[in-house]
$ cat run07.cif   # mmCIF, C-alpha atoms and all ligand atoms
data_target
loop_
_atom_site.label_atom_id
_atom_site.label_comp_id
_atom_site.auth_asym_id
_atom_site.auth_seq_id
_atom_site.Cartn_x
_atom_site.Cartn_y
_atom_site.Cartn_z
CA MET A 8 131.15 -6.06 164.82
CA ASN A 9 128.07 -5.81 162.64
CA LEU A 10 127.90 -8.55 160.08
CA HIS A 11 125.89 -7.78 156.99
CA GLN A 12 125.41 -10.54 154.48
CA SER A 13 124.39 -7.96 151.90
CA ALA A 14 127.16 -5.93 150.33
CA ARG A 15 124.49 -3.35 149.66
CA THR A 16 123.65 -2.61 153.26
CA PRO A 17 124.14 1.13 153.60
CA ALA A 18 126.94 2.48 155.76
CA SER A 19 126.44 3.99 159.15
CA GLY A 20 125.52 7.62 159.63
CA ALA A 21 123.25 9.92 157.71
CA ALA A 22 126.00 12.38 156.88
CA SER A 23 126.43 14.55 153.82
CA ASP A 24 129.21 14.02 151.25
CA ALA A 25 130.96 17.10 152.57
CA GLU A 26 131.52 15.39 155.90
CA GLY A 27 134.09 13.23 154.23
CA GLY A 28 135.22 9.71 154.63
CA LEU A 29 135.38 7.24 151.79
CA ILE A 30 132.22 6.70 149.78
CA LEU A 31 131.74 3.91 147.26
CA ARG A 32 128.62 5.03 145.51
CA ASP A 33 126.65 2.57 143.42
CA VAL A 34 129.76 0.61 142.54
CA GLU A 35 129.32 -2.43 140.34
CA ILE A 36 132.21 -4.29 138.77
CA SER A 37 131.67 -6.83 136.02
CA LEU A 38 133.84 -9.34 134.27
CA ASP A 39 132.92 -10.87 130.92
CA GLY A 40 129.46 -9.27 131.12
CA ARG A 41 128.70 -10.79 134.55
CA SER A 42 128.40 -8.80 137.74
CA LEU A 43 131.28 -9.68 140.06
CA LEU A 44 130.41 -7.41 142.96
CA ALA A 45 128.19 -4.51 143.89
CA LEU A 46 128.81 -2.19 146.79
CA ASP A 47 127.27 1.03 148.02
CA ARG A 48 128.90 2.14 151.24
CA ARG A 49 130.27 5.01 153.25
CA VAL A 50 133.27 4.54 155.52
CA LEU A 51 133.52 7.39 157.99
CA PRO A 52 136.87 8.96 158.94
CA GLY A 53 138.63 6.72 161.47
CA GLU A 54 136.39 3.73 160.73
CA THR A 55 137.39 0.45 159.13
CA LEU A 56 134.99 -1.47 156.93
CA THR A 57 135.87 -5.16 156.67
CA VAL A 58 135.29 -6.98 153.39
CA MET A 59 135.24 -10.76 153.49
CA GLY A 60 134.56 -13.26 150.74
CA PRO A 61 135.86 -16.47 149.20
CA SER A 62 138.81 -16.62 146.86
CA GLY A 63 137.92 -15.09 143.51
CA SER A 64 134.99 -13.07 144.86
CA GLY A 65 136.62 -9.80 143.85
CA LYS A 66 138.32 -8.40 146.97
CA SER A 67 141.55 -7.46 145.17
CA THR A 68 139.52 -6.18 142.26
CA LEU A 69 137.59 -3.89 144.60
CA PHE A 70 140.86 -2.49 145.97
CA ALA A 71 142.21 -1.94 142.47
CA PHE A 72 139.04 -0.04 141.60
CA VAL A 73 139.15 2.14 144.71
CA ALA A 74 142.87 2.87 144.33
CA GLY A 75 142.47 3.65 140.62
CA PHE A 76 144.29 0.83 138.86
CA LEU A 77 141.52 -1.52 137.81
CA ASP A 78 142.56 -3.81 134.97
CA PRO A 79 140.74 -2.92 131.73
CA ALA A 80 139.47 -6.53 131.57
CA PHE A 81 136.82 -5.36 134.08
CA THR A 82 134.01 -2.89 133.52
CA ALA A 83 133.04 -0.71 136.41
CA ARG A 84 130.37 1.80 137.17
CA GLY A 85 129.88 3.95 140.21
CA LYS A 86 131.97 6.55 141.96
CA VAL A 87 134.67 6.82 144.59
CA LEU A 88 134.41 9.93 146.77
CA LEU A 89 137.12 10.94 149.20
CA GLY A 90 136.71 13.77 151.65
CA GLY A 91 133.66 14.99 149.77
CA ARG A 92 135.42 14.96 146.40
CA ASP A 93 134.77 12.65 143.45
CA VAL A 94 138.15 11.04 142.71
CA SER A 95 136.87 8.53 140.15
CA GLY A 96 138.69 10.24 137.28
CA LEU A 97 141.99 10.69 139.14
CA THR A 98 145.20 8.67 138.85
CA PRO A 99 146.29 6.45 141.79
CA GLN A 100 148.89 9.08 142.78
CA GLU A 101 146.31 11.86 142.79
CA ARG A 102 143.93 9.81 144.96
CA ARG A 103 146.53 9.44 147.73
CA ILE A 104 145.21 6.13 148.98
CA GLY A 105 147.60 4.08 151.11
CA LEU A 106 147.94 0.33 150.75
CA LEU A 107 149.16 -2.25 153.23
CA PHE A 108 149.76 -5.83 152.12
CA GLN A 109 150.70 -9.19 153.63
CA ASP A 110 154.32 -8.42 152.79
CA ALA A 111 155.88 -5.24 154.09
CA LEU A 112 157.54 -4.69 150.68
CA LEU A 113 160.39 -2.59 152.07
CA PHE A 114 163.24 -1.62 149.76
CA PRO A 115 166.02 -4.04 150.83
CA HIS A 116 168.89 -1.78 149.71
CA MET A 117 167.75 1.09 151.96
CA SER A 118 167.81 1.44 155.74
CA VAL A 119 164.53 1.56 157.62
CA GLY A 120 164.82 5.35 157.82
CA GLU A 121 165.53 5.71 154.10
CA ASN A 122 162.46 3.61 153.36
CA LEU A 123 160.46 6.16 155.35
CA LEU A 124 162.09 9.26 153.85
CA PHE A 125 161.20 7.93 150.43
CA ALA A 126 157.50 8.05 151.35
CA LEU A 127 157.42 11.56 152.81
CA PRO A 128 155.55 14.17 150.77
CA ALA A 129 157.91 16.26 148.62
CA ALA A 130 156.28 19.36 150.10
CA LEU A 131 158.09 18.70 153.38
CA LYS A 132 161.43 20.41 152.75
CA GLY A 133 164.76 20.23 154.54
CA ARG A 134 166.85 17.20 155.36
CA ARG A 135 166.58 17.76 159.09
CA ALA A 136 162.79 18.27 159.11
CA ARG A 137 162.34 15.15 156.98
CA GLY A 138 164.60 13.09 159.25
CA GLU A 139 162.72 14.27 162.33
CA ALA A 140 159.34 13.45 160.77
CA ALA A 141 160.57 9.92 160.01
CA GLU A 142 161.96 9.52 163.56
CA ARG A 143 158.68 10.73 165.07
CA MET A 144 156.72 8.26 163.00
CA LEU A 145 159.05 5.41 164.00
CA ALA A 146 158.38 6.28 167.64
CA GLU A 147 154.65 6.35 166.94
CA VAL A 148 154.74 2.75 165.74
CA GLY A 149 156.94 1.62 168.63
CA LEU A 150 160.23 1.50 166.71
CA ALA A 151 162.10 4.50 168.12
CA GLY A 152 165.81 4.41 167.33
CA MET A 153 165.55 1.98 164.41
CA PHE A 154 166.26 4.53 161.68
CA LEU A 155 169.54 2.97 160.59
CA ARG A 156 168.45 -0.68 160.76
CA ASP A 157 168.76 -2.92 157.73
CA PRO A 158 165.21 -4.14 156.83
CA ALA A 159 166.62 -7.69 156.48
CA THR A 160 167.28 -7.77 160.24
CA LEU A 161 163.68 -6.93 161.25
CA SER A 162 161.18 -9.41 162.64
CA GLY A 163 157.91 -9.85 160.76
CA GLY A 164 156.09 -7.64 163.26
CA GLN A 165 158.73 -4.92 163.07
CA ALA A 166 158.65 -4.96 159.26
CA ALA A 167 154.85 -4.65 159.38
CA ARG A 168 155.22 -1.59 161.64
CA VAL A 169 157.73 0.00 159.27
CA ALA A 170 155.30 -0.60 156.41
CA LEU A 171 152.56 1.09 158.45
CA ALA A 172 154.86 4.00 159.28
CA ARG A 173 155.76 4.41 155.62
CA THR A 174 152.12 4.37 154.57
CA LEU A 175 151.08 6.90 157.24
CA LEU A 176 153.94 9.26 156.39
CA ALA A 177 152.49 9.71 152.92
CA GLU A 178 149.40 11.21 154.63
CA PRO A 179 146.86 8.99 152.87
CA GLN A 180 143.26 10.10 152.48
CA ALA A 181 142.16 6.49 152.90
CA LEU A 182 143.80 3.14 153.65
CA LEU A 183 143.28 -0.24 151.99
CA LEU A 184 144.51 -3.14 154.10
CA ASP A 185 144.91 -6.39 152.18
CA GLU A 186 145.39 -9.18 154.75
CA PRO A 187 148.19 -7.20 156.39
CA PHE A 188 148.36 -9.42 159.49
CA SER A 189 148.09 -12.86 157.93
CA ARG A 190 151.84 -13.64 158.00
CA LEU A 191 152.21 -12.76 161.69
CA ASP A 192 151.99 -15.25 164.52
CA GLN A 193 149.14 -14.95 166.97
CA GLU A 194 150.68 -12.61 169.55
CA LEU A 195 152.29 -10.30 167.02
CA ARG A 196 149.11 -10.31 165.04
CA GLU A 197 147.11 -8.99 167.97
CA THR A 198 149.54 -6.23 168.93
CA THR A 199 150.13 -5.19 165.32
CA ARG A 200 146.47 -4.94 164.43
CA ASP A 201 145.71 -3.02 167.64
CA LEU A 202 148.42 -0.57 166.65
CA VAL A 203 147.10 -0.26 163.08
CA PHE A 204 143.48 0.35 164.09
CA ALA A 205 144.52 2.78 166.84
CA ARG A 206 146.48 4.87 164.31
CA ILE A 207 143.60 4.75 161.83
CA ALA A 208 141.13 5.98 164.47
CA GLU A 209 143.49 8.62 165.82
CA ARG A 210 144.27 10.06 162.39
CA LYS A 211 140.67 9.76 161.28
CA ILE A 212 141.52 7.83 158.15
CA PRO A 213 138.71 5.83 156.52
CA ALA A 214 139.93 2.30 155.86
CA ILE A 215 138.85 -0.93 154.21
CA LEU A 216 140.25 -4.23 155.46
CA VAL A 217 140.22 -7.46 153.49
CA THR A 218 140.67 -10.49 155.69
CA HIS A 219 139.64 -14.11 156.10
CA ASP A 220 140.01 -13.92 159.88
CA PRO A 221 136.91 -12.97 161.89
CA ALA A 222 139.20 -11.89 164.75
CA ASP A 223 140.74 -9.23 162.45
CA ALA A 224 137.24 -8.05 161.57
CA ALA A 225 136.31 -7.86 165.26
CA ALA A 226 139.47 -5.89 166.05
CA ALA A 227 138.70 -3.48 163.18
CA GLY A 228 135.49 -2.71 165.02
CA GLY A 229 133.47 -1.51 162.04
CA ASP A 230 130.88 -3.05 159.76
CA VAL A 231 131.56 -6.23 157.82
CA VAL A 232 130.34 -6.95 154.31
CA VAL A 233 130.54 -10.33 152.65
CA ILE A 234 130.93 -10.34 148.88
CA GLY A 235 130.46 -13.27 146.55
CA ALA A 236 128.70 -15.28 149.26
CA ALA A 237 126.23 -17.92 148.18
CA GLY A 238 123.66 -16.31 150.45
CA ARG A 239 121.32 -13.41 150.04
CA GLY A 240 123.86 -10.61 149.59
CA ASP A 241 125.38 -11.27 146.22
CA GLU A 242 122.30 -12.91 144.79
CA HIS A 243 120.29 -9.93 145.89
CA ALA A 244 122.73 -7.57 144.22
CA ARG A 245 122.49 -9.45 140.96
CA GLN A 246 118.74 -9.36 140.71
CA PRO A 247 117.51 -6.99 138.02
CA GLY A 248 115.94 -3.95 139.66
CA ALA A 249 117.56 -4.61 143.04
CA GLU A 250 119.50 -1.34 142.87
CA ARG A 251 116.43 0.71 142.13
CA ALA A 252 114.57 -0.95 144.97
CA GLU A 253 117.33 0.10 147.39
CA THR A 254 117.64 3.68 146.28
CA PRO A 255 115.52 5.36 149.01
CA LEU A 256 117.40 3.52 151.77
CA ARG A 257 120.73 4.35 150.23
CA ALA A 258 119.75 7.95 149.75
CA ARG A 259 118.98 8.23 153.45
CA ALA A 260 122.33 6.75 154.40
CA LEU A 261 124.53 8.76 152.09
CA ARG A 262 122.96 12.17 151.88
N1 LIG B 301 143.40 -9.05 135.17
C1 LIG B 301 142.37 -9.91 135.18
N2 LIG B 301 141.78 -10.26 134.02
C2 LIG B 301 140.73 -11.13 134.02
N3 LIG B 301 140.21 -11.68 135.14
C3 LIG B 301 140.77 -11.36 136.32
C4 LIG B 301 141.89 -10.46 136.40
N4 LIG B 301 142.22 -10.33 137.70
C5 LIG B 301 141.37 -11.11 138.40
N5 LIG B 301 140.51 -11.73 137.58
C6 LIG B 301 139.39 -12.62 137.96
O1 LIG B 301 138.46 -11.80 138.68
C7 LIG B 301 137.89 -12.53 139.76
C8 LIG B 301 138.14 -11.79 141.06
O2 LIG B 301 139.52 -11.87 141.36
P1 LIG B 301 140.14 -11.20 142.67
O3 LIG B 301 141.62 -11.38 142.59
O4 LIG B 301 139.63 -9.81 142.82
O5 LIG B 301 139.53 -12.12 143.83
P2 LIG B 301 139.89 -12.15 145.39
O6 LIG B 301 138.60 -12.17 146.11
O7 LIG B 301 140.84 -11.03 145.71
O8 LIG B 301 140.61 -13.54 145.51
P3 LIG B 301 141.73 -14.05 146.59
O9 LIG B 301 141.04 -14.13 147.92
O10 LIG B 301 142.10 -15.40 146.06
O11 LIG B 301 142.87 -13.06 146.54
C9 LIG B 301 138.50 -13.92 139.69
O12 LIG B 301 137.59 -14.75 138.99
C10 LIG B 301 139.78 -13.72 138.93
O13 LIG B 301 140.13 -14.89 138.23
#
$ encode --input "run07.cif" --output "structure tokens" --more "lines below"
Ligand SMILES: Nc1ncnc2c1ncn2[C@@H]1O[C@H](COP(=O)(O)OP(=O)(O)OP(=O)(O)O)[C@@H](O)[C@H]1O
Amino acid sequence: MNLHQSARTPASGAASDAEGGLILRDVEISLDGRSLLALDRRVLPGETLTVMGPSGSGKSTLFAFVAGFLDPAFTARGKVLLGGRDVSGLTPQERRIGLLFQDALLFPHMSVGENLLFALPAALKGRRARGEAAERMLAEVGLAGMFLRDPATLSGGQAARVALARTLLAEPQALLLDEPFSRLDQELRETTRDLVFARIAERKIPAILVTHDPADAAAAGGDVVVIGAAGRGDEHARQPGAERAETPLRARALR
């Protein structure tokens, strides 16, 4: 785990945009004329960037910006690039970014399998092919044979796995993980997060994790940025001219 106090520390790798991943380029989000957060990072395919910060520092706001549903109360500048493409002007649906939350948010009136079928891309045709894809994904998250289960009968860890399966079935271009393990007890937490990060690496999905738990950040294995901290990072980002001063470094990292 590499802990960077500055949210402006460039991401790893001197790759070109075309090499993909998730790029937050020169992002700055303000509220009531004050800078809330500034971030300039690349997350490579299969990597997870961890974002930490106190309550109110803007973690949910950052996710809303990346996913494309930022509240108009905020002003934002900067770009979101996915797989080499600028998606800043696209709707949340067009961006195809998956989200995982604390709560699994499964539809209670559907079976586990129906919850998964609902998420499958419409392009996959045929009842049988869709059913098989859902079954395969259930096996991949360690829940083989649970297609017909009522979500109400699942343990917290099982529900979290179904939520992961549902998110992966939609073939997301990136994943945003908002404290997805925080409701799980210690043992389940460890196995569930290992499973999540293994699938992310295997499928080469760039991901951002928001967590308060340093153990989650360590398990994610990627860089860590701290936003809204009283230390150098946020203060540095707010200084006039700080962005210009960082441009050559950033240019090296992102181009
Ligand atoms: N729709 C909104 N309109 C105005 N201000 C908002 C809105 N949503 C959030 N805020 C404010 O923006 C700031 C950042 O909020 P945000 O929810 O992103 O923080 P957070 O880091 O996710 O907090 P937590 O860890 O408590 O979830 C806070 O000061 C919050 O009060």
$ residues_near_ligand --input "run07.cif" --ligand "ligand LIG 301 (chain B)" --cutoff "10 Å" --atoms "only C-alpha atoms and all ligand atoms" --output "PyMOL selection string"
chain A and resi 36-39+43-44+58-72+77-81+185-186+217-219+234-235
$ atom_distance --input "run07.cif" --atom1 "atom CA of Arg156 of chain A" --atom2 "atom CA of Ala111 of chain A"
14.9 Å
$ residues_around --input "run07.cif" --residues "Gln193 of chain A" --least-positions-apart "3" --cutoff "12 Å" --atoms "all atoms listed in the file" --output "number ranges by chain"
A: 163-164, 188-190, 196-200, 220, 222-223
$ write_last_selection --input "run07.cif" --atoms "C-alpha atoms" --output "PDB file, in the coordinates of the input"
ATOM      1  CA  GLY A 163     157.910  -9.850 160.760  1.00  0.00           C
ATOM      2  CA  GLY A 164     156.090  -7.640 163.260  1.00  0.00           C
ATOM      3  CA  PHE A 188     148.360  -9.420 159.490  1.00  0.00           C
ATOM      4  CA  SER A 189     148.090 -12.860 157.930  1.00  0.00           C
ATOM      5  CA  ARG A 190     151.840 -13.640 158.000  1.00  0.00           C
ATOM      6  CA  ARG A 196     149.110 -10.310 165.040  1.00  0.00           C
ATOM      7  CA  GLU A 197     147.110  -8.990 167.970  1.00  0.00           C
ATOM      8  CA  THR A 198     149.540  -6.230 168.930  1.00  0.00           C
ATOM      9  CA  THR A 199     150.130  -5.190 165.320  1.00  0.00           C
ATOM     10  CA  ARG A 200     146.470  -4.940 164.430  1.00  0.00           C
ATOM     11  CA  ASP A 220     140.010 -13.920 159.880  1.00  0.00           C
ATOM     12  CA  ALA A 222     139.200 -11.890 164.750  1.00  0.00           C
ATOM     13  CA  ASP A 223     140.740  -9.230 162.450  1.00  0.00           C
TER      14      ASP A 223
END
$ residues_around --input "run07.cif" --residues "segment 127-133 of chain A" --least-positions-apart "2" --cutoff "12 Å" --atoms "all atoms listed in the file" --output "PyMOL selection string"
chain A and resi 100+103+120-125+135-142+144+172-179
$ atom_distance --input "run07.cif" --atom1 "atom CA of Thr55 of chain A" --atom2 "atom CA of Ala214 of chain A"
4.5 Å
$ atom_distance --input "run07.cif" --atom1 "atom CA of Leu202 of chain A" --atom2 "atom CA of Leu89 of chain A"
23.8 Å
$ residues_around --input "run07.cif" --residues "segment 46-54 of chain A" --least-positions-apart "2" --cutoff "7 Å" --atoms "all atoms listed in the file" --output "list of chain:residue names"
A:Ala14, A:Arg15, A:Pro17, A:Ala18, A:Gly27, A:Gly28, A:Leu29, A:Ile30, A:Leu31, A:Arg32, A:Asp33, A:Val34, A:Glu35, A:Leu44, A:Leu56, A:Ile207, A:Ala208, A:Glu209, A:Arg210, A:Lys211, A:Ile212, A:Pro213, A:Ala214, A:Gly229, A:Leu261
$ residues_near_point --input "run07.cif" --point "(135.8, 13.1, 147.0)" --cutoff "10 Å" --atoms "all atoms listed in the file" --output "mmCIF file with C-alpha atoms, in the frame of the given file"
data_model
loop_
_atom_site.group_PDB
_atom_site.id
_atom_site.type_symbol
_atom_site.label_atom_id
_atom_site.label_comp_id
_atom_site.auth_asym_id
_atom_site.auth_seq_id
_atom_site.Cartn_x
_atom_site.Cartn_y
_atom_site.Cartn_z
ATOM 1 C CA ASP A 24 129.210 14.020 151.250
ATOM 2 C CA ALA A 25 130.960 17.100 152.570
ATOM 3 C CA GLY A 27 134.090 13.230 154.230
ATOM 4 C CA GLY A 28 135.220 9.710 154.630
ATOM 5 C CA LEU A 29 135.380 7.240 151.790
ATOM 6 C CA ILE A 30 132.220 6.700 149.780
ATOM 7 C CA LYS A 86 131.970 6.550 141.960
ATOM 8 C CA VAL A 87 134.670 6.820 144.590
ATOM 9 C CA LEU A 88 134.410 9.930 146.770
ATOM 10 C CA LEU A 89 137.120 10.940 149.200
ATOM 11 C CA GLY A 90 136.710 13.770 151.650
ATOM 12 C CA GLY A 91 133.660 14.990 149.770
ATOM 13 C CA ARG A 92 135.420 14.960 146.400
ATOM 14 C CA ASP A 93 134.770 12.650 143.450
ATOM 15 C CA VAL A 94 138.150 11.040 142.710
ATOM 16 C CA SER A 95 136.870 8.530 140.150
ATOM 17 C CA ARG A 102 143.930 9.810 144.960
ATOM 18 C CA GLN A 180 143.260 10.100 152.480
#
